[in-house]
file model_4.csv (CSV, N, CA and C atoms)
chain,number,residue,atom,x,y,z
I,915,MET,N,5.1,-26.4,-27.2
I,915,MET,CA,5.4,-25.1,-27.8
I,915,MET,C,5.0,-25.0,-29.2
I,916,THR,N,4.4,-23.9,-29.6
I,916,THR,CA,4.1,-23.7,-31.0
I,916,THR,C,5.3,-23.4,-31.8
I,917,ASN,N,5.4,-24.1,-33.0
I,917,ASN,CA,6.5,-23.8,-33.8
I,917,ASN,C,6.1,-22.8,-34.8
I,918,LEU,N,6.7,-21.5,-34.7
I,918,LEU,CA,6.3,-20.4,-35.5
I,918,LEU,C,6.9,-20.5,-36.9
I,919,GLU,N,7.9,-21.4,-37.1
I,919,GLU,CA,8.5,-21.6,-38.4
I,919,GLU,C,7.4,-22.1,-39.4
I,920,ASN,N,6.4,-22.8,-38.9
I,920,ASN,CA,5.4,-23.3,-39.8
I,920,ASN,C,4.2,-22.4,-40.1
I,921,ILE,N,4.3,-21.2,-39.4
I,921,ILE,CA,3.2,-20.2,-39.6
I,921,ILE,C,3.8,-19.1,-40.5
I,922,PRO,N,3.0,-18.8,-41.6
I,922,PRO,CA,3.5,-17.8,-42.5
I,922,PRO,C,3.6,-16.5,-41.9
I,923,GLN,N,4.5,-15.6,-42.3
I,923,GLN,CA,4.7,-14.3,-41.8
I,923,GLN,C,3.4,-13.5,-42.2
I,924,PRO,N,2.8,-12.8,-41.3
I,924,PRO,CA,1.5,-12.1,-41.6
I,924,PRO,C,1.8,-10.9,-42.5
I,925,ASP,N,0.7,-10.5,-43.1
I,925,ASP,CA,0.7,-9.4,-44.0
I,925,ASP,C,0.9,-8.1,-43.2
I,926,PRO,N,1.8,-7.2,-43.5
I,926,PRO,CA,2.0,-6.0,-42.8
I,926,PRO,C,0.8,-5.1,-42.7
I,927,SER,N,-0.2,-5.2,-43.5
I,927,SER,CA,-1.4,-4.4,-43.5
I,927,SER,C,-2.4,-4.9,-42.5
I,928,TRP,N,-2.1,-6.1,-41.9
I,928,TRP,CA,-3.0,-6.7,-41.0
I,928,TRP,C,-3.1,-5.9,-39.7
I,929,ASP,N,-4.3,-5.7,-39.1
I,929,ASP,CA,-4.4,-4.8,-38.0
I,929,ASP,C,-3.5,-5.2,-36.8
I,930,TYR,N,-3.3,-6.5,-36.6
I,930,TYR,CA,-2.6,-7.0,-35.5
I,930,TYR,C,-1.1,-7.3,-35.8
I,931,TYR,N,-0.6,-6.8,-37.0
I,931,TYR,CA,0.7,-7.1,-37.4
I,931,TYR,C,1.8,-6.7,-36.4
I,932,GLU,N,1.7,-5.5,-35.9
I,932,GLU,CA,2.8,-5.1,-34.9
I,932,GLU,C,2.6,-5.8,-33.6
I,933,ILE,N,1.4,-6.1,-33.1
I,933,ILE,CA,1.2,-6.8,-31.9
I,933,ILE,C,1.7,-8.3,-32.1
I,934,TRP,N,1.5,-8.9,-33.2
I,934,TRP,CA,1.9,-10.2,-33.5
I,934,TRP,C,3.4,-10.3,-33.4
I,935,ASN,N,4.1,-9.3,-34.0
I,935,ASN,CA,5.6,-9.3,-34.0
I,935,ASN,C,6.1,-9.1,-32.6
I,936,SER,N,5.4,-8.3,-31.8
I,936,SER,CA,5.8,-8.1,-30.4
I,936,SER,C,5.6,-9.4,-29.6
I,937,LEU,N,4.5,-10.1,-29.8
I,937,LEU,CA,4.2,-11.3,-29.1
I,937,LEU,C,5.2,-12.4,-29.5
I,938,VAL,N,5.6,-12.4,-30.8
I,938,VAL,CA,6.6,-13.4,-31.2
I,938,VAL,C,8.0,-13.2,-30.4
I,939,ALA,N,8.3,-11.9,-30.3
I,939,ALA,CA,9.6,-11.5,-29.6
I,939,ALA,C,9.4,-11.9,-28.1
I,940,ILE,N,8.3,-11.7,-27.5
I,940,ILE,CA,8.0,-12.1,-26.1
I,940,ILE,C,8.1,-13.6,-26.0
I,941,LYS,N,7.5,-14.3,-26.9
I,941,LYS,CA,7.6,-15.8,-26.9
I,941,LYS,C,9.0,-16.3,-27.0
I,942,SER,N,9.8,-15.6,-27.8
I,942,SER,CA,11.2,-16.0,-27.9
I,942,SER,C,11.9,-15.9,-26.5
I,943,ARG,N,11.6,-14.8,-25.8
I,943,ARG,CA,12.2,-14.6,-24.5
I,943,ARG,C,11.7,-15.7,-23.5
I,944,ILE,N,10.4,-16.0,-23.6
I,944,ILE,CA,9.9,-17.1,-22.7
I,944,ILE,C,10.6,-18.4,-23.1
I,945,ASP,N,10.7,-18.7,-24.4
I,945,ASP,CA,11.4,-20.0,-24.8
I,945,ASP,C,12.8,-20.0,-24.3
I,946,THR,N,13.5,-18.9,-24.3
I,946,THR,CA,14.9,-18.8,-23.8
I,946,THR,C,14.9,-19.1,-22.3
I,947,ALA,N,13.9,-18.6,-21.6
I,947,ALA,CA,13.8,-18.8,-20.1
I,947,ALA,C,13.5,-20.3,-19.9
I,948,LEU,N,12.6,-20.9,-20.6
I,948,LEU,CA,12.3,-22.3,-20.5
I,948,LEU,C,13.5,-23.2,-20.7
I,949,ASN,N,14.3,-22.9,-21.8
I,949,ASN,CA,15.5,-23.6,-22.1
I,949,ASN,C,16.5,-23.5,-21.0
I,950,PHE,N,16.6,-22.3,-20.5
I,950,PHE,CA,17.6,-22.0,-19.4
I,950,PHE,C,17.3,-22.8,-18.1
I,951,ILE,N,16.0,-22.8,-17.7
I,951,ILE,CA,15.7,-23.6,-16.5
I,951,ILE,C,15.7,-25.1,-16.7
I,952,ALA,N,15.5,-25.5,-17.9
I,952,ALA,CA,15.5,-26.9,-18.2
I,952,ALA,C,16.9,-27.5,-18.0
I,953,LYS,N,17.9,-26.6,-18.1
I,953,LYS,CA,19.3,-27.1,-17.9
I,953,LYS,C,19.8,-26.9,-16.4
I,954,ALA,N,19.0,-26.1,-15.6
I,954,ALA,CA,19.4,-25.9,-14.2
I,954,ALA,C,19.0,-27.0,-13.4
I,955,GLU,N,20.0,-27.5,-12.6
I,955,GLU,CA,19.7,-28.7,-11.7
I,955,GLU,C,19.0,-28.3,-10.5
I,956,GLN,N,19.3,-27.1,-9.9
I,956,GLN,CA,18.7,-26.6,-8.7
I,956,GLN,C,18.4,-25.1,-8.8
I,957,ALA,N,17.4,-24.7,-8.2
I,957,ALA,CA,17.1,-23.3,-8.1
I,957,ALA,C,18.0,-22.6,-7.1
I,958,ASP,N,18.5,-21.4,-7.5
I,958,ASP,CA,19.3,-20.6,-6.6
I,958,ASP,C,19.1,-19.2,-6.9
I,959,ASN,N,19.7,-18.3,-6.2
I,959,ASN,CA,19.6,-16.9,-6.4
I,959,ASN,C,20.1,-16.4,-7.8
I,960,GLU,N,21.2,-17.0,-8.2
I,960,GLU,CA,21.8,-16.7,-9.5
I,960,GLU,C,20.9,-17.1,-10.6
I,961,THR,N,20.3,-18.3,-10.5
I,961,THR,CA,19.3,-18.7,-11.5
I,961,THR,C,18.1,-17.8,-11.6
I,962,ASP,N,17.6,-17.5,-10.4
I,962,ASP,CA,16.4,-16.6,-10.3
I,962,ASP,C,16.7,-15.2,-10.9
I,963,GLU,N,17.9,-14.7,-10.6
I,963,GLU,CA,18.3,-13.4,-11.2
I,963,GLU,C,18.4,-13.4,-12.7
I,964,LYS,N,18.9,-14.5,-13.2
I,964,LYS,CA,19.0,-14.7,-14.7
I,964,LYS,C,17.6,-14.8,-15.3
I,965,LEU,N,16.7,-15.5,-14.6
I,965,LEU,CA,15.3,-15.6,-15.1
I,965,LEU,C,14.6,-14.3,-15.1
I,966,ILE,N,14.8,-13.5,-14.1
I,966,ILE,CA,14.3,-12.2,-14.0
I,966,ILE,C,14.8,-11.3,-15.1
I,967,GLU,N,16.1,-11.4,-15.4
I,967,GLU,CA,16.8,-10.6,-16.5
I,967,GLU,C,16.1,-11.0,-17.8
I,968,ILE,N,15.8,-12.2,-18.0
I,968,ILE,CA,15.2,-12.7,-19.3
I,968,ILE,C,13.7,-12.3,-19.4
I,969,LEU,N,13.0,-12.5,-18.3
I,969,LEU,CA,11.5,-12.4,-18.3
I,969,LEU,C,11.0,-11.1,-18.0
I,970,GLU,N,11.7,-10.3,-17.2
I,970,GLU,CA,11.1,-9.0,-16.9
I,970,GLU,C,10.8,-8.1,-18.1
I,971,PRO,N,11.7,-8.0,-19.0
I,971,PRO,CA,11.4,-7.2,-20.2
I,971,PRO,C,10.2,-7.7,-21.0
I,972,ALA,N,10.1,-9.0,-21.1
I,972,ALA,CA,9.0,-9.6,-21.8
I,972,ALA,C,7.7,-9.3,-21.0
I,973,SER,N,7.7,-9.4,-19.7
I,973,SER,CA,6.5,-9.1,-18.9
I,973,SER,C,6.1,-7.7,-19.1
I,974,ASN,N,7.1,-6.8,-19.0
I,974,ASN,CA,6.8,-5.3,-19.2
I,974,ASN,C,6.2,-5.1,-20.6
I,975,GLU,N,6.8,-5.7,-21.6
I,975,GLU,CA,6.3,-5.5,-23.0
I,975,GLU,C,4.8,-6.0,-23.1
I,976,LEU,N,4.6,-7.2,-22.5
I,976,LEU,CA,3.3,-7.8,-22.6
I,976,LEU,C,2.2,-6.9,-21.9
I,977,GLU,N,2.6,-6.3,-20.8
I,977,GLU,CA,1.7,-5.4,-20.1
I,977,GLU,C,1.4,-4.2,-20.9
I,978,GLU,N,2.4,-3.7,-21.6
I,978,GLU,CA,2.3,-2.5,-22.5
I,978,GLU,C,1.3,-2.8,-23.6
I,979,ILE,N,1.5,-4.0,-24.2
I,979,ILE,CA,0.6,-4.4,-25.3
I,979,ILE,C,-0.9,-4.4,-24.8
I,980,ILE,N,-1.1,-5.1,-23.6
I,980,ILE,CA,-2.4,-5.2,-23.1
I,980,ILE,C,-3.0,-3.8,-22.7
I,981,ASP,N,-2.2,-3.0,-22.0
I,981,ASP,CA,-2.7,-1.7,-21.5
I,981,ASP,C,-2.8,-0.7,-22.6
I,982,LYS,N,-1.9,-0.6,-23.5
I,982,LYS,CA,-1.8,0.4,-24.5
I,982,LYS,C,-2.4,0.0,-25.8
I,983,ASP,N,-1.7,-0.9,-26.4
I,983,ASP,CA,-2.1,-1.3,-27.8
I,983,ASP,C,-3.5,-1.9,-27.9
I,984,LEU,N,-3.9,-2.7,-27.0
I,984,LEU,CA,-5.2,-3.3,-27.1
I,984,LEU,C,-6.3,-2.4,-26.7
I,985,GLU,N,-6.0,-1.4,-25.8
I,985,GLU,CA,-7.0,-0.4,-25.4
I,985,GLU,C,-7.4,0.4,-26.6
I,986,GLU,N,-6.5,0.6,-27.5
I,986,GLU,CA,-6.8,1.4,-28.7
I,986,GLU,C,-7.9,0.8,-29.6
I,987,PHE,N,-8.0,-0.5,-29.5
I,987,PHE,CA,-9.0,-1.2,-30.3
I,987,PHE,C,-10.4,-1.2,-29.7
I,988,PHE,N,-10.5,-0.8,-28.4
I,988,PHE,CA,-11.8,-0.8,-27.8
I,988,PHE,C,-12.5,0.5,-28.0
call {"tool": "encode", "arguments": {"input": "model_4.csv", "output": "structure tokens"}}
result
Amino acid sequence: MTNLENIPQPDPSWDYYEIWNSLVAIKSRIDTALNFIAKAEQADNETDEKLIEILEPASNELEEIIDKDLEEFF
């Protein structure tokens, strides 16, 4: 996993600034999910539901970035 602590905060005037911040938030949710399943000994419905709870908002936001924000650049 990339350690974002070693990457300087981008300049707010950068074209991708808002997308970068959104992707960092999505990455945080993915990291949370990875840490969660790393501690799970077995997969079960409860674990799956928790993963969906963590990842579904991240997935929706990523789709929105691709479909909406990046379309504006084309």
call {"tool": "select_by_dssp", "arguments": {"input": "model_4.csv", "residues": "chain I", "states": "helix (DSSP H, G or I)", "output": "PyMOL selection string"}}
result
chain I and resi 918-920+931-953+959-983+985-987
call {"tool": "closest_residue", "arguments": {"input": "model_4.csv", "among": "I:Lys982, I:Ser942, I:Ala947, I:Glu977", "to": "Leu965 in chain I", "atoms": "only N, CA and C atoms"}}
result
I:Ala947
call {"tool": "residues_around", "arguments": {"input": "model_4.csv", "residues": "range 921-934 of chain I", "least_positions_apart": "6", "cutoff": "10 Å", "atoms": "only C-alpha atoms", "output": "PDB file with N, CA and C atoms, in the frame of the given file"}}
result
ATOM      1  N   ILE I 940       8.300 -11.700 -27.500  1.00  0.00           N
ATOM      2  CA  ILE I 940       8.000 -12.100 -26.100  1.00  0.00           C
ATOM      3  C   ILE I 940       8.100 -13.600 -26.000  1.00  0.00           C
ATOM      4  N   LEU I 976       4.600  -7.200 -22.500  1.00  0.00           N
ATOM      5  CA  LEU I 976       3.300  -7.800 -22.600  1.00  0.00           C
ATOM      6  C   LEU I 976       2.200  -6.900 -21.900  1.00  0.00           C
ATOM      7  N   ILE I 979       1.500  -4.000 -24.200  1.00  0.00           N
ATOM      8  CA  ILE I 979       0.600  -4.400 -25.300  1.00  0.00           C
ATOM      9  C   ILE I 979      -0.900  -4.400 -24.800  1.00  0.00           C
ATOM     10  N   ILE I 980      -1.100  -5.100 -23.600  1.00  0.00           N
ATOM     11  CA  ILE I 980      -2.400  -5.200 -23.100  1.00  0.00           C
ATOM     12  C   ILE I 980      -3.000  -3.800 -22.700  1.00  0.00           C
ATOM     13  N   ASP I 983      -1.700  -0.900 -26.400  1.00  0.00           N
ATOM     14  CA  ASP I 983      -2.100  -1.300 -27.800  1.00  0.00           C
ATOM     15  C   ASP I 983      -3.500  -1.900 -27.900  1.00  0.00           C
ATOM     16  N   LEU I 984      -3.900  -2.700 -27.000  1.00  0.00           N
ATOM     17  CA  LEU I 984      -5.200  -3.300 -27.100  1.00  0.00           C
ATOM     18  C   LEU I 984      -6.300  -2.400 -26.700  1.00  0.00           C
ATOM     19  N   PHE I 987      -8.000  -0.500 -29.500  1.00  0.00           N
ATOM     20  CA  PHE I 987      -9.000  -1.200 -30.300  1.00  0.00           C
ATOM     21  C   PHE I 987     -10.400  -1.200 -29.700  1.00  0.00           C
TER      22      PHE I 987
END
call {"tool": "atom_distance", "arguments": {"input": "model_4.csv", "atom1": "atom C of Asp958 in chain I", "atom2": "atom C of Thr946 in chain I"}}
result
16.0 Å
